[in-house]
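Student: protein.txt is reproduced in full below (compact mmCIF, C-alpha atoms).
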```
# COMPACT_ATOMS: atom_id res chain seq x y z
CA MET A 916 21.62 235.07 196.16
CA LYS A 917 21.55 238.34 194.16
CA ALA A 918 22.09 240.29 197.40
CA TRP A 919 25.24 238.29 198.21
CA LEU A 920 26.57 238.78 194.67
CA LEU A 921 26.03 242.54 194.95
CA LEU A 922 27.59 242.54 198.42
CA GLY A 923 30.59 240.70 196.99
CA MET A 924 30.86 243.35 194.26
CA ILE A 925 30.70 246.15 196.88
CA VAL A 926 33.33 244.54 199.08
CA ALA A 927 35.67 243.76 196.14
CA SER A 928 35.43 247.27 194.66
CA THR A 929 35.76 248.95 198.07
CA VAL A 930 38.82 246.86 198.93
CA THR A 931 40.42 247.63 195.55
CA ALA A 932 39.64 251.37 195.86
CA ASP A 933 41.02 251.58 199.42
CA LEU A 934 44.20 249.67 198.60
CA LEU A 935 44.88 251.80 195.50
CA GLN A 936 44.14 255.01 197.44
CA SER A 937 46.34 254.03 200.36
CA HIS A 938 49.21 252.92 198.09
CA GLU A 939 49.09 256.09 195.97
CA MET A 940 48.63 258.53 198.87
CA LYS A 941 51.58 256.99 200.74
CA ARG A 942 53.69 257.33 197.58
CA HIS A 943 52.59 260.95 197.31
CA GLY A 944 53.53 261.68 200.90
CA GLU A 945 51.90 263.66 203.70
CA ILE A 946 49.83 266.68 202.58
CA GLN A 947 50.93 269.65 204.65
CA ASN A 948 49.81 272.72 202.72
CA PHE A 949 46.08 273.26 203.30
CA GLY A 950 45.98 276.74 201.77
CA LEU A 951 43.79 277.32 198.71
CA LYS A 952 46.73 277.44 196.32
CA GLY A 953 48.43 274.46 197.97
CA LEU A 954 45.26 272.34 197.84
CA ARG A 955 44.75 273.24 194.16
CA LEU A 956 48.29 272.07 193.35
CA VAL A 957 47.82 268.85 195.35
CA LEU A 958 44.47 268.09 193.65
CA ALA A 959 45.98 268.78 190.22
CA ALA A 960 48.87 266.40 191.01
CA LEU A 961 46.55 263.71 192.40
CA ALA A 962 44.19 263.92 189.39
CA ARG A 963 47.06 262.68 187.19
CA LYS A 964 47.69 259.53 189.26
CA LYS A 965 46.37 256.51 187.37
CA ASN A 966 45.85 254.49 190.56
CA LEU A 967 43.70 257.22 192.09
CA ILE A 968 41.58 257.49 188.94
CA LEU A 969 41.11 253.72 189.09
CA ALA A 970 40.23 254.03 192.81
CA VAL A 971 37.51 256.60 192.01
CA ALA A 972 36.14 254.27 189.30
CA CYS A 973 36.04 251.43 191.87
CA MET A 974 34.22 253.70 194.35
CA ALA A 975 31.64 254.46 191.65
CA VAL A 976 31.13 250.71 191.04
CA SER A 977 30.75 250.22 194.80
CA PHE A 978 28.17 253.02 195.05
CA PHE A 979 26.05 251.77 192.13
CA ALA A 980 26.19 248.21 193.47
CA PHE A 981 25.06 249.57 196.87
CA MET A 982 22.11 251.27 195.14
CA ALA A 983 21.14 247.95 193.56
CA LEU A 984 21.65 246.10 196.85
CA VAL A 985 19.26 248.25 198.91
CA GLN A 986 16.56 247.51 196.33
CA VAL A 987 16.76 243.79 197.00
CA ALA A 988 17.98 243.67 200.62
CA ASP A 989 17.30 245.45 203.91
CA LEU A 990 19.28 248.62 204.63
CA SER A 991 19.90 247.25 208.15
CA PHE A 992 21.71 244.36 206.41
CA ALA A 993 23.44 246.25 203.58
CA VAL A 994 25.22 248.92 205.63
CA PRO A 995 26.84 246.74 208.32
CA ALA A 996 27.51 243.86 205.90
CA SER A 997 29.54 246.14 203.62
CA ALA A 998 31.89 246.62 206.60
CA GLY A 999 33.07 243.09 205.75
CA SER A 1000 35.59 244.82 203.47
CA LEU A 1001 37.52 245.71 206.65
CA VAL A 1002 38.44 242.04 207.18
CA ILE A 1003 39.85 241.58 203.66
CA GLU A 1004 41.53 245.00 203.79
CA THR A 1005 43.30 244.09 207.03
CA VAL A 1006 44.69 240.89 205.50
CA LEU A 1007 45.71 242.64 202.25
CA ALA A 1008 47.21 245.62 204.10
CA ARG A 1009 49.50 243.10 205.82
CA LEU A 1010 50.29 241.12 202.67
CA LEU A 1011 50.43 243.77 199.93
CA LEU A 1012 51.13 247.07 201.70
CA LYS A 1013 53.43 245.38 204.26
CA GLU A 1014 51.75 247.24 207.12
CA HIS A 1015 52.30 246.08 210.66
CA VAL A 1016 48.92 244.78 211.86
CA ASP A 1017 48.87 244.54 215.65
CA SER A 1018 46.74 242.16 217.71
CA ARG A 1019 44.12 244.85 218.38
CA ARG A 1020 43.49 245.24 214.64
CA TRP A 1021 43.30 241.46 214.12
CA ILE A 1022 40.76 241.16 216.97
CA GLY A 1023 38.77 244.07 215.51
CA ALA A 1024 38.74 242.42 212.08
CA ALA A 1025 37.67 239.11 213.67
CA LEU A 1026 34.77 240.87 215.47
CA VAL A 1027 33.66 242.39 212.15
CA ALA A 1028 33.84 238.94 210.50
CA GLY A 1029 31.74 237.51 213.37
CA GLY A 1030 29.24 240.35 212.94
CA VAL A 1031 28.88 239.72 209.20
CA TRP A 1032 28.35 236.01 209.94
CA LEU A 1033 25.55 236.92 212.39
CA LEU A 1034 23.94 239.13 209.72
CA ALA A 1035 23.98 236.17 207.34
CA LEU A 1036 21.93 233.98 209.72
CA MET B 187 41.91 270.62 223.20
CA ASN B 188 40.48 274.12 223.57
CA PRO B 189 36.70 274.51 224.14
CA ARG B 190 36.12 275.99 220.67
CA LEU B 191 37.81 273.05 218.92
CA ARG B 192 36.01 270.56 221.19
CA TRP B 193 32.66 272.14 220.27
CA LYS B 194 33.56 272.14 216.55
CA THR B 195 34.62 268.48 216.77
CA ARG B 196 31.30 267.46 218.38
CA VAL B 197 29.28 269.35 215.75
CA PHE B 198 31.24 267.75 212.87
CA ALA B 199 31.06 264.29 214.49
CA ALA B 200 27.26 264.65 214.68
CA ILE B 201 27.15 265.77 211.02
CA VAL B 202 29.27 262.72 210.02
CA ILE B 203 26.99 260.28 211.87
CA PHE B 204 23.62 261.70 210.83
CA SER B 205 24.46 262.67 207.24
CA ASN B 206 25.57 259.06 206.60
CA ALA B 207 22.60 257.44 208.33
CA PHE B 208 19.98 259.76 206.78
CA GLY B 209 21.78 259.74 203.41
CA ASN B 210 21.47 255.96 203.28
CA LEU B 211 17.86 256.15 204.51
CA PHE B 212 16.73 258.67 201.84
CA LEU B 213 18.66 256.82 199.12
CA THR B 214 16.94 253.55 200.05
CA TRP B 215 13.51 255.21 200.44
CA GLY B 216 13.82 256.79 196.97
CA LEU B 217 14.99 253.55 195.38
CA ARG B 218 12.02 251.68 196.83
CA HIS B 219 9.44 254.40 196.13
CA GLY B 220 9.26 255.65 192.55
CA ALA B 221 12.83 255.40 191.31
CA GLY B 222 11.98 252.34 189.22
CA GLU B 223 13.79 249.02 189.16
CA LEU B 224 17.53 249.12 188.62
CA THR B 225 18.51 246.91 185.72
CA GLY B 226 21.96 246.45 184.29
CA SER B 227 21.53 249.48 182.01
CA PRO B 228 23.18 252.81 182.96
CA LEU B 229 19.92 254.55 181.99
CA SER B 230 18.05 252.96 184.90
CA PHE B 231 20.73 254.25 187.30
CA LEU B 232 20.58 257.74 185.75
CA ARG B 233 16.78 257.77 186.07
CA ALA B 234 17.07 256.71 189.71
CA ILE B 235 19.61 259.43 190.52
CA PHE B 236 17.09 262.11 189.45
CA ASN B 237 14.45 260.83 191.88
CA PRO B 238 14.17 263.62 194.54
CA TRP B 239 14.71 261.25 197.51
CA VAL B 240 17.70 259.58 195.84
CA SER B 241 19.17 263.02 194.99
CA LEU B 242 18.68 264.13 198.60
CA GLY B 243 20.36 260.92 199.78
CA ILE B 244 23.33 261.46 197.44
CA CYS B 245 23.67 265.11 198.62
CA LEU B 246 23.75 263.92 202.24
CA LEU B 247 26.32 261.22 201.39
CA ILE B 248 28.50 263.88 199.71
CA THR B 249 28.07 265.99 202.89
CA TRP B 250 29.14 262.93 204.91
CA LEU B 251 32.26 262.41 202.77
CA LEU B 252 33.29 266.09 202.98
CA SER B 253 32.52 266.49 206.70
CA LYS B 254 34.52 263.33 207.43
CA MET B 255 37.46 264.71 205.41
CA PHE B 256 37.24 268.05 207.28
CA LEU B 257 37.01 266.26 210.65
CA LEU B 258 40.08 264.17 209.74
CA SER B 259 42.05 267.35 209.09
CA TRP B 260 42.22 268.03 212.85
CA ALA B 261 40.85 264.94 214.63
CA ASP B 262 42.65 261.60 214.92
CA LEU B 263 41.57 258.68 212.77
CA SER B 264 41.27 256.79 216.07
CA TYR B 265 38.50 259.22 217.04
CA VAL B 266 36.77 259.39 213.65
CA LEU B 267 36.53 255.60 213.06
CA PRO B 268 34.60 254.78 216.27
CA VAL B 269 32.33 257.76 215.54
CA THR B 270 31.62 256.30 212.08
CA ALA B 271 31.00 252.88 213.61
CA PHE B 272 28.22 254.32 215.80
CA GLY B 273 26.41 255.12 212.54
CA TYR B 274 25.67 251.37 212.07
CA VAL B 275 23.39 251.41 215.12
CA ILE B 276 21.65 254.62 213.97
CA THR B 277 21.12 253.04 210.52
CA ALA B 278 19.58 249.92 212.11
CA LEU B 279 17.26 252.15 214.20
CA LEU B 280 16.20 254.24 211.17
CA SER B 281 15.64 251.08 209.09
CA ARG B 282 13.36 249.73 211.82
CA LEU B 283 11.47 253.01 212.33
CA PHE B 284 11.09 254.42 208.80
CA LEU B 285 11.54 251.49 206.41
CA GLY B 286 9.66 249.00 208.61
CA GLU B 287 12.48 246.47 208.36
CA ASN B 288 12.48 243.50 210.68
CA VAL B 289 15.74 243.86 212.59
CA THR B 290 16.11 240.45 214.21
CA PRO B 291 18.08 239.90 217.45
CA ALA B 292 20.83 238.22 215.36
CA ARG B 293 21.04 241.29 213.15
CA TRP B 294 21.23 243.62 216.19
CA ALA B 295 23.97 241.41 217.64
CA GLY B 296 25.83 241.41 214.31
CA THR B 297 25.54 245.19 214.00
CA LEU B 298 26.84 245.71 217.55
CA LEU B 299 29.70 243.25 216.95
CA ILE B 300 30.72 245.10 213.76
CA MET B 301 30.50 248.44 215.60
CA ALA B 302 32.74 247.05 218.35
CA GLY B 303 35.19 245.67 215.76
CA VAL B 304 35.47 248.93 213.83
CA ALA B 305 35.76 250.91 217.08
CA LEU B 306 38.52 248.57 218.33
CA VAL B 307 40.49 249.04 215.11
CA GLY B 308 39.96 252.80 215.40
CA LEU B 309 41.23 252.94 218.99
CA GLY B 310 44.67 251.71 217.92
CA ASN B 311 47.58 253.76 216.62
CA PRO B 312 46.50 255.02 213.15
CA GLN B 313 50.08 255.12 211.86
CA SER B 314 51.89 251.82 212.12
CA GLU B 315 55.55 251.15 211.40
CA ARG B 316 55.85 250.00 207.79
CA ARG B 317 57.87 246.87 207.14
CA LEU B 318 59.79 247.71 203.99
```
Will you turn the file into structure tokens for me?
Tutor:
Amino acid sequence: MKAWLLLGMIVASTVTADLLQSHEMKRHGEIQNFGLKGLRLVLAALARKKNLILAVACMAVSFFAFMALVQVADLSFAVPASAGSLVIETVLARLLLKEHVDSRRWIGAALVAGGVWLLAL
Amino acid sequence: MNPRLRWKTRVFAAIVIFSNAFGNLFLTWGLRHGAGELTGSPLSFLRAIFNPWVSLGICLLITWLLSKMFLLSWADLSYVLPVTAFGYVITALLSRLFLGENVTPARWAGTLLIMAGVALVGLGNPQSERRL
């Protein structure tokens, strides 16, 4: 039961972090200058984005929950099961980010969901 | 793709796969051997982070994150995602070999299904038309 709660925490924080990152990076636009000075300016600009700071905080929650999970569950369960976030992310990318999700992505997400169900057996 | 870039891509892809798999392995090993039980307190997490195996695991996971970012700077997401997905199988193998975990046939099937799902998503066009 504790393992599933921790897994839920990992999935929820990963999904939140990825959605916030994707939303903020798309608002920022494509990064084209990979020079040292350019990267420094980009990093300084990104460090002021509230959504990205929140995304990093969510990633930290996800990491610490993962640490707790591998103490109570098998690693061979924890790593693939955390991929369950892909299913929720696909649905939310369609609903919140208004991305076009083609049939290949839906099938991929369904395979991941099936895989997580098999891990739960 | 020129031979130099192809070689560089293969080296970085290998680093991505193995740094993630071994990072998770060392992290788990450290947490189960001497890092102490993780309670709700931040102190227990801090104590665990300074366990040598956990530290090594975290260093490898940072290596994984950076090498993946570098790889993404020239390789397509549709190449990087299936490469990452292969890491699930390596993790299952390492868990069986070094942590003595019982990887049941259902778990192998689930792992392979997830790998196939992630790879399928990765084989698509990484930049879709946005419906605004």
Student: CA of Ser253 in chain B and CA of Phe198 in chain B are how many Å apart?
Tutor: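 If I compute the distance from CA of Ser253 in chain B to CA of Phe198 in chain B, I get 6.4 Å.
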Student: For chain A, work out the contacting residues on chain B at 9 Å, counting all atoms listed in the file, and write them as a compact mmCIF listing (two decimals) with C-alpha atoms, in the frame of the given file.
Tutor:
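Wrote out-v5.txt, looks like this:
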```txt
# COMPACT_ATOMS: atom_id res chain seq x y z
CA ASN B 210 21.47 255.96 203.28
CA LEU B 211 17.86 256.15 204.51
CA LEU B 213 18.66 256.82 199.12
CA THR B 214 16.94 253.55 200.05
CA LEU B 217 14.99 253.55 195.38
CA ARG B 218 12.02 251.68 196.83
CA GLU B 223 13.79 249.02 189.16
CA LEU B 224 17.53 249.12 188.62
CA THR B 225 18.51 246.91 185.72
CA PHE B 231 20.73 254.25 187.30
CA TYR B 274 25.67 251.37 212.07
CA VAL B 275 23.39 251.41 215.12
CA THR B 277 21.12 253.04 210.52
CA ALA B 278 19.58 249.92 212.11
CA LEU B 279 17.26 252.15 214.20
CA LEU B 280 16.20 254.24 211.17
CA SER B 281 15.64 251.08 209.09
CA ARG B 282 13.36 249.73 211.82
CA LEU B 285 11.54 251.49 206.41
CA GLU B 287 12.48 246.47 208.36
CA ASN B 288 12.48 243.50 210.68
CA VAL B 289 15.74 243.86 212.59
CA ALA B 292 20.83 238.22 215.36
CA ARG B 293 21.04 241.29 213.15
CA TRP B 294 21.23 243.62 216.19
CA ALA B 295 23.97 241.41 217.64
CA GLY B 296 25.83 241.41 214.31
CA THR B 297 25.54 245.19 214.00
CA LEU B 298 26.84 245.71 217.55
CA LEU B 299 29.70 243.25 216.95
CA ILE B 300 30.72 245.10 213.76
CA MET B 301 30.50 248.44 215.60
CA ALA B 302 32.74 247.05 218.35
CA GLY B 303 35.19 245.67 215.76
CA VAL B 304 35.47 248.93 213.83
CA ALA B 305 35.76 250.91 217.08
CA LEU B 306 38.52 248.57 218.33
CA VAL B 307 40.49 249.04 215.11
CA GLY B 308 39.96 252.80 215.40
CA LEU B 309 41.23 252.94 218.99
CA GLY B 310 44.67 251.71 217.92
CA SER B 314 51.89 251.82 212.12
CA GLU B 315 55.55 251.15 211.40
CA ARG B 316 55.85 250.00 207.79
CA ARG B 317 57.87 246.87 207.14
CA LEU B 318 59.79 247.71 203.99
```
Student: Can you tell me, as a list in words, what residues are no more than 10 Å from His943 in chain A when counting only C-alpha atoms, ignoring any on the same chain fewer than 2 positions away?
Tutor: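 Within the cut-off, the hits are Ser937, His938, Glu939, Met940, Lys941, Glu945, Ile946, Val957, Ala960, Leu961 and Lys964 of chain A.
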Student: One decimal, Å: what's the distance from CA of Leu935 in chain A over to CA of Ser997 in chain A, could you say?
Tutor: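 Result for CA of Leu935 in chain A versus CA of Ser997 in chain A: 18.3 Å, one decimal.
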Student: Mind working out the centre and edge lengths of an axis-aligned box for range 1016-1034 of chain A, all listed atoms inside, 6 Å added to each side, rounded to one decimal in Å and written as lines of an AutoDock Vina configuration file?
Tutor:
```
center_x = 36.4
center_y = 240.6
center_z = 213.8
size_x = 37.0
size_y = 21.2
size_z = 21.2
```
Student: With a distance cut-off of 9 Å and only C-alpha atoms, select the neighbouring residues of Gly216 in chain B, excluding the residue or stretch itself and same-chain residues fewer than 4 positions from it, and output the selection as JSON, numbers by chain.
Tutor: {"B": [211, 212, 220, 221, 234, 237, 238, 239, 240, 241, 242, 243]}
Student: Calculate how many Å separate CA of Leu283 in chain B from CA of Phe978 in chain A, rounding to one decimal.
Tutor: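 Distance reported for this atom pair: 24.0 Å.
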Student: Applying 12 Å and all atoms listed in the file, which residues near Leu257 in chain B remain after dropping the ones on its own chain fewer than 3 positions away? List them as a ChimeraX atom specification.
Tutor: /B:191-192,194-203,249-254,260-267,269-270
Student: Go ahead and dump the residues you just picked, C-alpha atoms, as an mmCIF file, keeping the file's coordinate frame.
Tutor:
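Writing done, so here's part_33.cif:
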```cif
data_model
loop_
_atom_site.group_PDB
_atom_site.id
_atom_site.type_symbol
_atom_site.label_atom_id
_atom_site.label_comp_id
_atom_site.auth_asym_id
_atom_site.auth_seq_id
_atom_site.Cartn_x
_atom_site.Cartn_y
_atom_site.Cartn_z
ATOM 1 C CA LEU B 191 37.810 273.050 218.920
ATOM 2 C CA ARG B 192 36.010 270.560 221.190
ATOM 3 C CA LYS B 194 33.560 272.140 216.550
ATOM 4 C CA THR B 195 34.620 268.480 216.770
ATOM 5 C CA ARG B 196 31.300 267.460 218.380
ATOM 6 C CA VAL B 197 29.280 269.350 215.750
ATOM 7 C CA PHE B 198 31.240 267.750 212.870
ATOM 8 C CA ALA B 199 31.060 264.290 214.490
ATOM 9 C CA ALA B 200 27.260 264.650 214.680
ATOM 10 C CA ILE B 201 27.150 265.770 211.020
ATOM 11 C CA VAL B 202 29.270 262.720 210.020
ATOM 12 C CA ILE B 203 26.990 260.280 211.870
ATOM 13 C CA THR B 249 28.070 265.990 202.890
ATOM 14 C CA TRP B 250 29.140 262.930 204.910
ATOM 15 C CA LEU B 251 32.260 262.410 202.770
ATOM 16 C CA LEU B 252 33.290 266.090 202.980
ATOM 17 C CA SER B 253 32.520 266.490 206.700
ATOM 18 C CA LYS B 254 34.520 263.330 207.430
ATOM 19 C CA TRP B 260 42.220 268.030 212.850
ATOM 20 C CA ALA B 261 40.850 264.940 214.630
ATOM 21 C CA ASP B 262 42.650 261.600 214.920
ATOM 22 C CA LEU B 263 41.570 258.680 212.770
ATOM 23 C CA SER B 264 41.270 256.790 216.070
ATOM 24 C CA TYR B 265 38.500 259.220 217.040
ATOM 25 C CA VAL B 266 36.770 259.390 213.650
ATOM 26 C CA LEU B 267 36.530 255.600 213.060
ATOM 27 C CA VAL B 269 32.330 257.760 215.540
ATOM 28 C CA THR B 270 31.620 256.300 212.080
#
```
Student: Using only C-alpha atoms, which of B:Thr290, B:Ser205, B:Ser227, B:Ser259 sits nearest Leu246 in chain B?
Tutor: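 Closest residue, counting only C-alpha atoms: B:Ser205.
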Student: Because the input lacks atoms here, generate N, CA and C atoms for range 191-219 of chain B and report them as an mmCIF file, keeping the file's coordinate frame.
Tutor:
```cif
data_model
loop_
_atom_site.group_PDB
_atom_site.id
_atom_site.type_symbol
_atom_site.label_atom_id
_atom_site.label_comp_id
_atom_site.auth_asym_id
_atom_site.auth_seq_id
_atom_site.Cartn_x
_atom_site.Cartn_y
_atom_site.Cartn_z
ATOM 1 N N LEU B 191 37.516 274.198 219.782
ATOM 2 C CA LEU B 191 37.810 273.050 218.920
ATOM 3 C C LEU B 191 36.985 271.838 219.359
ATOM 4 N N ARG B 192 36.793 271.689 220.675
ATOM 5 C CA ARG B 192 36.010 270.560 221.190
ATOM 6 C C ARG B 192 34.563 270.670 220.679
ATOM 7 N N TRP B 193 34.025 271.888 220.728
ATOM 8 C CA TRP B 193 32.660 272.140 220.270
ATOM 9 C C TRP B 193 32.550 271.851 218.771
ATOM 10 N N LYS B 194 33.539 272.351 218.006
ATOM 11 C CA LYS B 194 33.560 272.140 216.550
ATOM 12 C C LYS B 194 33.636 270.641 216.230
ATOM 13 N N THR B 195 34.459 269.919 216.999
ATOM 14 C CA THR B 195 34.620 268.480 216.770
ATOM 15 C C THR B 195 33.297 267.752 216.998
ATOM 16 N N ARG B 196 32.583 268.124 218.092
ATOM 17 C CA ARG B 196 31.300 267.460 218.380
ATOM 18 C C ARG B 196 30.273 267.737 217.293
ATOM 19 N N VAL B 197 30.246 268.981 216.812
ATOM 20 C CA VAL B 197 29.280 269.350 215.750
ATOM 21 C C VAL B 197 29.589 268.536 214.488
ATOM 22 N N PHE B 198 30.867 268.473 214.092
ATOM 23 C CA PHE B 198 31.240 267.750 212.870
ATOM 24 C C PHE B 198 31.021 266.244 213.037
ATOM 25 N N ALA B 199 31.283 265.718 214.245
ATOM 26 C CA ALA B 199 31.060 264.290 214.490
ATOM 27 C C ALA B 199 29.571 263.971 214.314
ATOM 28 N N ALA B 200 28.705 264.851 214.823
ATOM 29 C CA ALA B 200 27.260 264.650 214.680
ATOM 30 C C ALA B 200 26.857 264.709 213.200
ATOM 31 N N ILE B 201 27.453 265.663 212.463
ATOM 32 C CA ILE B 201 27.150 265.770 211.020
ATOM 33 C C ILE B 201 27.569 264.476 210.308
ATOM 34 N N VAL B 202 28.765 263.962 210.649
ATOM 35 C CA VAL B 202 29.270 262.720 210.020
ATOM 36 C C VAL B 202 28.292 261.573 210.262
ATOM 37 N N ILE B 203 27.873 261.404 211.521
ATOM 38 C CA ILE B 203 26.990 260.280 211.870
ATOM 39 C C ILE B 203 25.630 260.405 211.171
ATOM 40 N N PHE B 204 24.998 261.572 211.315
ATOM 41 C CA PHE B 204 23.620 261.700 210.830
ATOM 42 C C PHE B 204 23.525 261.872 209.315
ATOM 43 N N SER B 205 24.527 262.529 208.695
ATOM 44 C CA SER B 205 24.460 262.670 207.240
ATOM 45 C C SER B 205 24.603 261.300 206.577
ATOM 46 N N ASN B 206 25.422 260.412 207.157
ATOM 47 C CA ASN B 206 25.570 259.060 206.600
ATOM 48 C C ASN B 206 24.297 258.251 206.793
ATOM 49 N N ALA B 207 23.787 258.252 208.030
ATOM 50 C CA ALA B 207 22.600 257.440 208.330
ATOM 51 C C ALA B 207 21.390 257.922 207.525
ATOM 52 N N PHE B 208 21.131 259.245 207.520
ATOM 53 C CA PHE B 208 19.980 259.760 206.780
ATOM 54 C C PHE B 208 20.208 259.716 205.268
ATOM 55 N N GLY B 209 21.462 259.871 204.831
ATOM 56 C CA GLY B 209 21.780 259.740 203.410
ATOM 57 C C GLY B 209 21.411 258.361 202.908
ATOM 58 N N ASN B 210 21.806 257.330 203.651
ATOM 59 C CA ASN B 210 21.470 255.960 203.280
ATOM 60 C C ASN B 210 19.956 255.727 203.330
ATOM 61 N N LEU B 211 19.313 256.323 204.358
ATOM 62 C CA LEU B 211 17.860 256.150 204.510
ATOM 63 C C LEU B 211 17.118 256.758 203.311
ATOM 64 N N PHE B 212 17.428 258.011 202.952
ATOM 65 C CA PHE B 212 16.730 258.670 201.840
ATOM 66 C C PHE B 212 17.020 257.978 200.512
ATOM 67 N N LEU B 213 18.280 257.540 200.343
ATOM 68 C CA LEU B 213 18.660 256.820 199.120
ATOM 69 C C LEU B 213 17.806 255.552 198.980
ATOM 70 N N THR B 214 17.715 254.798 200.069
ATOM 71 C CA THR B 214 16.940 253.550 200.050
ATOM 72 C C THR B 214 15.454 253.836 199.844
ATOM 73 N N TRP B 215 14.937 254.839 200.565
ATOM 74 C CA TRP B 215 13.510 255.210 200.440
ATOM 75 C C TRP B 215 13.193 255.544 198.980
ATOM 76 N N GLY B 216 14.034 256.393 198.362
ATOM 77 C CA GLY B 216 13.820 256.790 196.970
ATOM 78 C C GLY B 216 13.888 255.607 196.026
ATOM 79 N N LEU B 217 14.830 254.705 196.269
ATOM 80 C CA LEU B 217 14.990 253.550 195.380
ATOM 81 C C LEU B 217 13.819 252.571 195.495
ATOM 82 N N ARG B 218 13.154 252.593 196.650
ATOM 83 C CA ARG B 218 12.020 251.680 196.830
ATOM 84 C C ARG B 218 10.677 252.352 196.520
ATOM 85 N N HIS B 219 10.689 253.685 196.377
ATOM 86 C CA HIS B 219 9.440 254.400 196.130
ATOM 87 C C HIS B 219 9.580 255.325 194.922
#
```
